[in-house]
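*Asks:* Could you have a look at this structure, given as structure tokens, before my questions?
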Amino acid sequence: MEALRASYGDSSSDSDTDDLSPASPVTANSGEKDSISLPPPPLALLDSIVSTGSLDFFSTEPGVRVRNFPHVDGNYALHVYVPVCIPPLPKKEIVCFLKKVASVVPHLHLVEADVPLSILCKDDQKFERALGREFHISLGRNVPLRVHQINSVISMLRQKLQLQKRYLIDFNKWEVFVNDDHTRSFLSLEITTSGLSEISKQIDAVNEVYKLHNLPEFYKDPRPHISLVWALGDIRTSLKGAVDVELRKLRAGGCVQNRIFTSKFCGIECKIGNKTHKICKLPDE
């Protein structure tokens with residue numbers, strides 16, 4: 001048992017991007033809060049961050065990582081997801097869009113990397129490289145899992161999800177989400193057309209496994225997405241306002257497309273603590 005615990009790293013570690021709820025209609029009293037940040041790191045530091053894959057552990061502010069659940073010894077954060085990589089051409093367009101949003105909304109950071117967008121905006125190539133990391137479509141809540149449940153959860157997930165067919169996923173909508181306790185806001189790309197049906201079925205399968213292990217199920221009406229940018233506090237008013245302004249400009253110029261980018265479904269992964277398990281992986285084409 002001790003060897004099993006050691007292989008999964010620190011217990012109760014969790015991600016910033018889980019337990020997100022859609023931003024509901026906002027009012028003037030939405031309670032936005034400004035964050036106070038330390039001086040940003042030099043832009044050259046991003047080279048080592050991207051090349052070493054250390055994006056998940058880079059932080060520029062004290063106390064920015066807040067657990068979604070209390071630390072309990074022997075608990076490990078469980079996250080089931082579809083990995084997604086942004087293709088090169090859409091990456092350039094996304095960088096352009098995010099730079100415009102960041103010029104209006106301060107204190108934005110790249111998800112997981114915790115790199116301020118104000119720093120990335122100074123160098124398009126480094127910004128594109130930073131977006132070259134893997135993003136995730138969550139299929140279940142990020143929840144604490146007891147060490148004795150690990151093998152059972154992995155086994156059941158594989159039983160229910162190992163036989164999957166390849167399909168296309170269209171990311172076609174910019175959306176703002178907030179986490180459950182309103183401590184963070186996220187700018188995300190939502191899936192509303194192609195791929196939504198398949199992902200919804202996968203979420204149902206994960207919910208069945210969660211239910212059998214007395215784990216909290218996913219949202220009743222899930223809205224699959226990948227989150228790209230985060231900010232401290234509930235800043236949905238300014239963030240959604242900035243996004244809407246830029247989208248109106250794109251529509252006026254006839255530049256709005258039916259989709260922002262398309263990705264092929266290639267598999268499902270499950271991260272428990274620091275260890276990642278392949279639940280379903282389709283062969284490369």
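How things are named: the first chain in the structure tokens is A, the next is B, and so on; residues count from 1 in each chain; ligands count from 1 in the order shown.
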Could you pull the residues within 9 Å of Gly267 in chain A, counting only C-alpha atoms, minus those fewer than 3 positions along the same chain, as a list in words?
*Replies:*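 Using only C-alpha atoms, the neighbours found are Tyr81, Val82, Pro83, Gln162, Gln164, Arg166, Lys278, Ile279, Cys280, Lys281 and Leu282 of chain A.
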*Asks:* With N, CA, C and O atoms kept, could you save the residues just selected as a PDB file, in the first residue's frame?
*Replies:*
ATOM      1  N   TYR A  81     -10.359  12.796 -18.577  1.00  0.00           N
ATOM      2  CA  TYR A  81     -10.441  13.830 -19.603  1.00  0.00           C
ATOM      3  C   TYR A  81     -10.049  13.310 -20.986  1.00  0.00           C
ATOM      4  O   TYR A  81      -9.418  12.256 -21.134  1.00  0.00           O
ATOM      5  N   VAL A  82     -10.426  14.101 -21.980  1.00  0.00           N
ATOM      6  CA  VAL A  82      -9.984  13.893 -23.361  1.00  0.00           C
ATOM      7  C   VAL A  82      -8.863  14.896 -23.635  1.00  0.00           C
ATOM      8  O   VAL A  82      -9.078  16.102 -23.524  1.00  0.00           O
ATOM      9  N   PRO A  83      -7.653  14.440 -23.966  1.00  0.00           N
ATOM     10  CA  PRO A  83      -6.571  15.378 -24.270  1.00  0.00           C
ATOM     11  C   PRO A  83      -6.780  16.043 -25.631  1.00  0.00           C
ATOM     12  O   PRO A  83      -7.263  15.414 -26.574  1.00  0.00           O
ATOM     13  N   GLN A 162     -13.168   1.716 -23.212  1.00  0.00           N
ATOM     14  CA  GLN A 162     -12.061   1.293 -24.065  1.00  0.00           C
ATOM     15  C   GLN A 162     -12.456   1.140 -25.530  1.00  0.00           C
ATOM     16  O   GLN A 162     -11.622   1.300 -26.429  1.00  0.00           O
ATOM     17  N   GLN A 164     -13.950   2.841 -28.253  1.00  0.00           N
ATOM     18  CA  GLN A 164     -14.404   4.125 -28.777  1.00  0.00           C
ATOM     19  C   GLN A 164     -13.987   4.261 -30.242  1.00  0.00           C
ATOM     20  O   GLN A 164     -12.973   3.720 -30.661  1.00  0.00           O
ATOM     21  N   ARG A 166     -13.150   6.888 -33.561  1.00  0.00           N
ATOM     22  CA  ARG A 166     -12.629   8.221 -33.805  1.00  0.00           C
ATOM     23  C   ARG A 166     -13.749   9.149 -34.277  1.00  0.00           C
ATOM     24  O   ARG A 166     -14.627   8.738 -35.041  1.00  0.00           O
ATOM     25  N   LYS A 278      -3.745   5.525 -19.351  1.00  0.00           N
ATOM     26  CA  LYS A 278      -4.444   5.500 -20.632  1.00  0.00           C
ATOM     27  C   LYS A 278      -5.704   4.653 -20.477  1.00  0.00           C
ATOM     28  O   LYS A 278      -5.627   3.448 -20.233  1.00  0.00           O
ATOM     29  N   ILE A 279      -6.856   5.277 -20.611  1.00  0.00           N
ATOM     30  CA  ILE A 279      -8.127   4.550 -20.504  1.00  0.00           C
ATOM     31  C   ILE A 279      -8.532   4.029 -21.880  1.00  0.00           C
ATOM     32  O   ILE A 279      -8.988   2.906 -22.042  1.00  0.00           O
ATOM     33  N   CYS A 280      -8.341   4.859 -22.873  1.00  0.00           N
ATOM     34  CA  CYS A 280      -8.669   4.489 -24.260  1.00  0.00           C
ATOM     35  C   CYS A 280      -7.728   5.268 -25.167  1.00  0.00           C
ATOM     36  O   CYS A 280      -7.608   6.482 -25.032  1.00  0.00           O
ATOM     37  N   LYS A 281      -7.059   4.573 -26.072  1.00  0.00           N
ATOM     38  CA  LYS A 281      -6.155   5.263 -27.019  1.00  0.00           C
ATOM     39  C   LYS A 281      -6.361   4.680 -28.408  1.00  0.00           C
ATOM     40  O   LYS A 281      -6.214   3.470 -28.602  1.00  0.00           O
ATOM     41  N   LEU A 282      -6.701   5.535 -29.349  1.00  0.00           N
ATOM     42  CA  LEU A 282      -6.891   5.093 -30.734  1.00  0.00           C
ATOM     43  C   LEU A 282      -5.556   5.134 -31.466  1.00  0.00           C
ATOM     44  O   LEU A 282      -4.709   5.994 -31.199  1.00  0.00           O
TER      45      LEU A 282
END
*Asks:* Looking at A:Val80, A:Ser188, A:Arg248, A:Thr237, which one is nearest to His277 in chain A, with distances taken over only C-alpha atoms?
*Replies:* A:Val80
*Asks:* Suppose you want the space between CA of Phe186 in chain A and CA of Leu108 in chain A; what is it in Å?
*Replies:*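 Interatomic distance, CA of Phe186 in chain A to CA of Leu108 in chain A: 9.1 Å.
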*Asks:* Do you have the CA of Phe127 in chain A-CA of Lys92 in chain A distance handy?
*Replies:*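 These two atoms are separated by 8.9 Å.
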*Asks:* If we count only C-alpha atoms and set the cut-off at 12 Å, which residues sit around Leu117 in chain A, ignoring sequence neighbours fewer than 3 positions away in its own chain? Please answer as a count of residues only.
*Replies:* 38
*Asks:* Find the residue from A:Leu196, A:Leu145, A:Ile94, A:Val209 that sits nearest to Lys160 in chain A; use only C-alpha atoms when measuring.
*Replies:*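 Of all the options, A:Val209 lies closest to Lys160 in chain A.
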*Asks:* Based on the backbone DSSP call, show me all residues of range 56-183 of chain A assigned alpha helix (DSSP H), as a VMD selection string.
*Replies:* chain A and resid 88 to 102 117 to 120 124 to 130 150 to 161
*Asks:* Would you compute the distance between CA of Glu198 in chain A and CA of Tyr219 in chain A? Give it in Å to one decimal.
*Replies:*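 CA of Tyr219 in chain A lies 16.4 Å from CA of Glu198 in chain A.
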*Asks:* Select from range 102-274 of chain A everything DSSP, run on the backbone, classes as strand (DSSP E or B), then give the selection as an NGL selection string.
*Replies:* :A and (109-110 or 116 or 135-138 or 143-146 or 168-171 or 173-179 or 184-190 or 225-232 or 261-264 or 267-272)
